[in-house]
file data_27.cif (mmCIF, C-alpha atoms)
data_target
#
loop_
_atom_site.label_atom_id
_atom_site.label_comp_id
_atom_site.auth_asym_id
_atom_site.auth_seq_id
_atom_site.Cartn_x
_atom_site.Cartn_y
_atom_site.Cartn_z
CA MET A 955 6.29 23.08 18.16
CA LYS A 956 4.76 19.70 19.03
CA TYR A 957 1.66 20.73 17.09
CA ARG A 958 3.69 21.70 14.04
CA LEU A 959 5.78 18.53 14.18
CA ALA A 960 2.66 16.39 14.38
CA ASN A 961 1.02 18.35 11.59
CA GLY A 962 4.12 18.00 9.42
CA GLY A 963 4.67 14.29 9.93
CA GLY A 964 7.60 14.77 12.29
CA ARG A 965 9.11 17.79 10.51
CA ALA A 966 8.57 21.53 10.86
CA VAL A 967 10.08 24.51 9.05
CA TYR A 968 10.68 27.85 10.75
CA ILE A 969 11.64 31.10 9.04
CA LEU A 970 13.72 33.42 11.23
CA GLY A 971 13.95 37.08 10.32
CA VAL A 972 10.37 37.73 9.16
CA ASN A 973 7.56 39.50 11.01
CA ASP A 974 4.03 38.23 11.69
CA GLU A 975 2.89 39.56 8.32
CA GLY A 976 5.52 37.45 6.55
CA HIS A 977 7.66 40.42 5.53
CA ALA A 978 11.44 40.13 5.72
CA VAL A 979 12.95 42.29 8.46
CA GLY A 980 16.23 40.42 8.88
CA LEU A 981 18.42 39.74 11.89
CA SER A 982 21.98 40.56 12.82
CA GLU A 983 24.45 37.70 13.18
CA ILE A 984 24.15 37.85 16.98
CA GLU A 985 20.34 37.97 16.88
CA LEU A 986 20.21 35.02 14.52
CA GLU A 987 22.52 32.91 16.69
CA GLU A 988 20.45 33.74 19.78
CA SER A 989 17.24 32.80 17.96
CA LEU A 990 18.76 29.51 16.83
CA GLU A 991 19.82 28.67 20.38
CA VAL A 992 16.27 29.29 21.61
CA LEU A 993 14.85 27.15 18.80
CA LYS A 994 17.29 24.34 19.59
CA ALA A 995 16.32 24.44 23.27
CA VAL A 996 12.60 24.27 22.45
CA ALA A 997 13.22 21.46 19.96
CA SER A 998 15.13 19.48 22.57
CA GLU A 999 12.21 19.75 25.01
CA CYS A 1000 9.90 18.42 22.28
CA GLY A 1001 12.13 15.45 21.51
CA ALA A 1002 13.34 17.02 18.28
CA VAL A 1003 16.50 18.47 16.79
CA VAL A 1004 17.43 21.29 14.42
CA GLU A 1005 18.41 19.30 11.36
CA ARG A 1006 19.31 21.98 8.84
CA VAL A 1007 19.78 25.76 8.73
CA GLU A 1008 19.80 27.68 5.44
CA ARG A 1009 20.91 31.31 5.63
CA PHE A 1010 20.01 34.11 3.23
CA GLN A 1011 21.04 37.76 3.16
CA GLU A 1012 18.55 40.60 2.66
CA ASP A 1013 19.79 44.22 2.76
CA ASN A 1014 22.76 43.30 4.98
CA LYS A 1015 20.44 41.41 7.33
CA LEU A 1016 20.13 37.65 7.74
CA ILE A 1017 17.12 35.40 7.23
CA ALA A 1018 17.22 31.69 8.03
CA ARG A 1019 15.11 28.71 7.03
CA VAL A 1020 15.33 26.12 9.80
CA LEU A 1021 14.23 22.50 9.51
CA VAL A 1022 13.32 20.80 12.80
CA SER A 1023 12.87 17.02 12.89
CA SER A 1024 11.39 14.85 15.61
CA PHE A 1025 13.18 11.85 17.12
CA SER A 1026 9.84 10.11 17.55
CA PRO A 1027 8.21 8.43 14.57
CA PRO A 1028 5.16 10.32 13.29
CA ILE A 1029 1.72 9.06 14.25
CA GLN A 1030 0.76 6.44 11.69
CA ASN A 1031 -2.97 7.12 11.88
CA HIS A 1032 -2.66 10.59 10.42
CA ILE A 1033 -4.54 11.95 7.42
CA THR A 1034 -4.57 15.38 5.83
CA LEU A 1035 -7.61 17.04 4.29
CA ALA A 1036 -7.83 20.16 2.14
CA VAL A 1037 -10.91 22.29 2.81
CA ALA A 1038 -11.95 24.26 -0.27
CA GLY A 1039 -14.92 26.25 -1.48
CA HIS A 1040 -16.17 29.75 -2.26
CA VAL A 1041 -15.49 32.74 -0.01
CA ASN A 1042 -17.91 33.13 2.93
CA HIS A 1043 -19.23 29.60 2.56
CA GLY A 1044 -18.01 28.75 6.06
CA LYS A 1045 -14.74 26.84 5.65
CA SER A 1046 -12.91 28.40 8.60
CA THR A 1047 -16.04 28.36 10.74
CA LEU A 1048 -16.58 24.66 10.01
CA LEU A 1049 -13.06 23.78 11.16
CA ALA A 1050 -13.33 25.90 14.30
CA CYS A 1051 -16.60 24.16 15.22
CA LEU A 1052 -15.02 20.74 14.68
CA MET A 1053 -12.02 21.60 16.87
CA THR A 1054 -14.11 23.00 19.72
CA GLY A 1055 -17.21 20.82 19.46
CA GLN A 1056 -19.28 23.99 19.77
CA PRO A 1057 -21.89 25.47 17.39
CA ASP A 1058 -21.05 28.65 15.53
CA ASP A 1059 -21.56 31.89 17.43
CA GLY A 1060 -20.68 34.13 14.51
CA LYS A 1061 -17.07 34.49 15.63
CA LYS A 1062 -15.60 30.99 15.34
CA TRP A 1063 -13.78 31.92 12.11
CA LEU A 1064 -11.48 34.13 14.20
CA TYR A 1065 -9.75 30.98 15.44
CA LEU A 1066 -8.22 30.50 11.98
CA ASP A 1067 -8.24 33.92 10.31
CA THR A 1068 -5.87 35.69 12.68
CA MET A 1069 -4.06 38.27 10.56
CA PRO A 1070 -5.24 41.88 11.04
CA HIS A 1071 -6.36 42.36 7.44
CA GLU A 1072 -8.26 39.05 7.54
CA ILE A 1073 -10.10 40.10 10.70
CA GLU A 1074 -10.88 43.53 9.27
CA ARG A 1075 -12.28 42.16 6.01
CA ASN A 1076 -13.67 38.87 7.38
CA LEU A 1077 -11.86 37.05 4.56
CA SER A 1078 -9.13 34.42 4.61
CA ALA A 1079 -6.08 35.69 2.73
CA ASP A 1080 -3.68 32.80 3.22
CA ILE A 1081 -3.50 29.10 3.93
CA HIS A 1082 -4.28 28.19 7.55
CA PHE A 1083 -3.89 24.92 9.41
CA ALA A 1084 -6.07 23.09 11.91
CA LEU A 1085 -5.61 19.87 13.83
CA LEU A 1086 -8.17 17.45 15.23
CA GLY A 1087 -7.02 14.59 17.43
CA TYR A 1088 -8.78 11.43 18.56
CA ARG A 1089 -8.14 9.21 21.55
CA ASP A 1090 -10.24 6.19 22.53
CA PHE A 1091 -12.43 6.96 19.50
CA LYS A 1092 -13.35 10.38 20.93
CA PRO A 1093 -12.22 13.82 19.69
CA ILE A 1094 -9.82 15.82 21.84
CA LEU A 1095 -11.62 19.15 21.84
CA LEU A 1096 -10.06 22.57 22.34
CA SER A 1097 -11.52 25.43 24.33
CA ASN A 1098 -9.27 27.87 22.46
CA PRO A 1099 -7.63 26.67 19.22
CA LEU A 1100 -5.30 29.70 19.33
CA ASP A 1101 -3.68 28.42 22.54
CA ARG A 1102 -0.39 26.77 21.62
CA GLU A 1103 -0.33 24.65 24.76
CA GLU A 1104 -3.74 23.22 23.92
CA ARG A 1105 -2.68 22.40 20.37
CA SER A 1106 0.48 20.79 21.72
CA ARG A 1107 -1.65 18.68 24.07
CA VAL A 1108 -3.68 17.40 21.13
CA ALA A 1109 -0.55 16.47 19.20
CA SER A 1110 0.99 14.63 22.15
CA GLN A 1111 -2.13 12.81 23.40
CA ALA A 1112 -3.84 11.81 20.16
CA GLU A 1113 -3.84 8.25 18.86
CA LYS A 1114 -5.19 9.46 15.53
CA LEU A 1115 -4.73 12.86 13.91
CA VAL A 1116 -6.60 14.73 11.21
CA SER A 1117 -4.83 17.76 9.76
CA PHE A 1118 -6.87 20.32 7.85
CA ILE A 1119 -5.55 22.76 5.25
CA ASP A 1120 -7.94 25.72 5.24
CA THR A 1121 -7.70 27.23 1.76
CA VAL A 1122 -8.71 30.64 0.43
CA GLY A 1123 -12.07 31.08 -1.29
CA HIS A 1124 -11.61 34.59 -2.67
CA GLU A 1125 -10.97 34.54 -6.43
CA PRO A 1126 -7.83 36.77 -6.48
CA TRP A 1127 -6.09 34.23 -4.22
CA LEU A 1128 -6.80 31.16 -6.36
CA ARG A 1129 -3.06 30.58 -6.76
CA THR A 1130 -2.72 30.47 -2.97
CA THR A 1131 -5.39 27.79 -2.80
CA ILE A 1132 -3.66 25.79 -5.53
CA ARG A 1133 -0.40 26.03 -3.59
CA GLY A 1134 -2.15 24.85 -0.43
CA ILE A 1135 -3.71 21.84 -2.14
CA LEU A 1136 -0.72 20.80 -4.24
CA GLY A 1137 2.02 21.30 -1.66
CA GLN A 1138 0.73 19.53 1.44
CA GLY A 1139 0.44 15.81 0.71
CA ILE A 1140 -3.37 15.81 0.81
CA ASP A 1141 -5.29 12.56 1.34
CA TYR A 1142 -8.86 13.82 0.95
CA GLY A 1143 -10.67 16.97 -0.09
CA ILE A 1144 -13.64 18.65 1.57
CA LEU A 1145 -15.70 20.90 -0.69
CA VAL A 1146 -17.73 23.36 1.39
CA VAL A 1147 -20.92 24.69 -0.22
CA ALA A 1148 -23.22 27.17 1.49
CA ALA A 1149 -26.86 26.13 1.13
CA ASP A 1150 -28.00 29.75 0.89
CA ASP A 1151 -25.69 30.45 -2.07
CA GLY A 1152 -25.11 27.14 -3.81
CA PRO A 1153 -22.18 26.16 -6.05
CA THR A 1154 -20.34 29.04 -7.70
CA HIS A 1155 -17.63 29.22 -10.36
CA ILE A 1156 -15.04 29.15 -7.55
CA THR A 1157 -16.70 26.03 -6.12
CA ARG A 1158 -16.27 24.38 -9.51
CA GLU A 1159 -12.67 25.60 -9.83
CA HIS A 1160 -11.74 24.12 -6.45
CA LEU A 1161 -13.55 20.88 -7.19
CA GLY A 1162 -11.72 20.62 -10.51
CA ILE A 1163 -8.34 21.05 -8.80
CA MET A 1164 -9.05 18.30 -6.28
CA LEU A 1165 -10.44 15.92 -8.90
CA ALA A 1166 -7.43 16.57 -11.12
CA MET A 1167 -5.26 15.42 -8.21
CA GLY A 1168 -7.30 12.25 -7.90
CA LEU A 1169 -8.49 13.12 -4.39
CA PRO A 1170 -11.63 11.58 -2.91
CA VAL A 1171 -13.91 14.57 -2.25
CA ILE A 1172 -16.42 15.01 0.56
CA VAL A 1173 -19.12 17.64 -0.05
CA CYS A 1174 -20.14 19.52 3.08
CA LEU A 1175 -23.26 21.73 3.11
CA THR A 1176 -23.18 24.70 5.48
CA LYS A 1177 -25.65 27.46 6.36
CA THR A 1178 -28.62 25.12 6.06
#
call {"tool": "encode", "arguments": {"input": "data_27.cif", "output": "structure tokens"}}
result
Amino acid sequence: MKYRLANGGGRAVYILGVNDEGHAVGLSEIELEESLEVLKAVASECGAVVERVERFQEDNKLIARVLVSSFSPPIQNHITLAVAGHVNHGKSTLLACLMTGQPDDGKKWLYLDTMPHEIERNLSADIHFALLGYRDFKPILLSNPLDREERSRVASQAEKLVSFIDTVGHEPWLRTTIRGILGQGIDYGILVVAADDGPTHITREHLGIMLAMGLPVIVCLTKT
């Protein structure tokens, strides 16, 4: 939760009653209340509070959207970057290498693409988030970016934070990429271009979106 609060500028949204695939399964009234009590307890340990709960009904089951807010002011030195570019140009791998400080071993993308169908197809299918923290002008590196305790450590120890929005490069999910870029309060854009493939029509689409938003864009060459 500390990681999500830091990444969200002191606010985090949780959806109760959905599975890991994002499908609505719903909860009973008792299950929802128990889940809320657990969430409140975790929030309290993180110096946060459940600020608002919105309830929805789906096939006689309940789903809740919960807003958690931190008591502590968000870190001021915090910027957010959208990482865009064509599929298989190395966006997720780039972020994993930055977070770990390690060169790519062919499997670093698994740190961000964690859903079963993403792993099976080796393709990002949704927006993913990454966090890089700095303290004393040095990066706080992770040995395993999937470890929640490690991510929480970064959020709590960092003097400066860089949040990354890892977008989707596959053409059918262009709307998902647009949602990721438009809905996250982006400060800068990173356009990833694989040297062995060069700019594609998707590269140009993503660049156009970021330029239309007035974002400063950094071009990053991979696979050199």
call {"tool": "closest_residue", "arguments": {"input": "data_27.cif", "among": "A:Lys956, A:Lys1045, A:Lys1114, A:His1040", "to": "His1160 in chain A", "atoms": "all atoms listed in the file"}}
result
A:His1040
call {"tool": "atom_distance", "arguments": {"input": "data_27.cif", "atom1": "CA of Glu1104 in chain A", "atom2": "CA of Cys1174 in chain A"}}
result
26.8 Å
call {"tool": "resolve_selection", "arguments": {"input": "data_27.cif", "expression": "the PyMOL selection byres ((chain A and resi 988-995) around 10)", "output": "PyMOL selection string"}}
result
chain A and resi 955+968+970-971+981-987+996-1000+1002-1005+1007+1018+1020+1022
call {"tool": "atom_distance", "arguments": {"input": "data_27.cif", "atom1": "CA of Ala978 in chain A", "atom2": "CA of Glu1103 in chain A"}}
result
27.2 Å
call {"tool": "closest_residue", "arguments": {"input": "data_27.cif", "among": "A:Asp1013, A:Asp1151, A:Asp1141, A:Glu1113", "to": "Val1171 in chain A", "atoms": "all atoms listed in the file"}}
result
A:Asp1141
call {"tool": "residues_around", "arguments": {"input": "data_27.cif", "residues": "Lys1177 in chain A", "least_positions_apart": "6", "cutoff": "10 Å", "atoms": "only C-alpha atoms", "output": "mmCIF file with C-alpha atoms, in the frame of the given file"}}
result
data_model
loop_
_atom_site.group_PDB
_atom_site.id
_atom_site.type_symbol
_atom_site.label_atom_id
_atom_site.label_comp_id
_atom_site.auth_asym_id
_atom_site.auth_seq_id
_atom_site.Cartn_x
_atom_site.Cartn_y
_atom_site.Cartn_z
ATOM 1 C CA HIS A 1043 -19.230 29.600 2.560
ATOM 2 C CA GLY A 1044 -18.010 28.750 6.060
ATOM 3 C CA VAL A 1147 -20.920 24.690 -0.220
ATOM 4 C CA ALA A 1148 -23.220 27.170 1.490
ATOM 5 C CA ALA A 1149 -26.860 26.130 1.130
ATOM 6 C CA ASP A 1150 -28.000 29.750 0.890
ATOM 7 C CA ASP A 1151 -25.690 30.450 -2.070
#
call {"tool": "residues_around", "arguments": {"input": "data_27.cif", "residues": "range 1034-1036 of chain A", "least_positions_apart": "2", "cutoff": "6 Å", "atoms": "all atoms listed in the file", "output": "number ranges by chain"}}
result
A: 1116-1119, 1140-1143
call {"tool": "resolve_selection", "arguments": {"input": "data_27.cif", "expression": "the PyMOL selection byres ((chain A and resi 1091) around 12)", "output": "PyMOL selection string"}}
result
chain A and resi 1087-1090+1092-1094+1112-1115
call {"tool": "closest_residue", "arguments": {"input": "data_27.cif", "among": "A:Pro1153, A:Gly963, A:Gly980, A:Gly1039", "to": "Phe1025 in chain A", "atoms": "only C-alpha atoms"}}
result
A:Gly963
call {"tool": "closest_residue", "arguments": {"input": "data_27.cif", "among": "A:Ser1110, A:Val1037, A:Gly1055, A:Phe1010", "to": "Leu1145 in chain A", "atoms": "all atoms listed in the file"}}
result
A:Val1037
call {"tool": "atom_distance", "arguments": {"input": "data_27.cif", "atom1": "CA of Leu1175 in chain A", "atom2": "CA of Met1053 in chain A"}}
result
17.8 Å
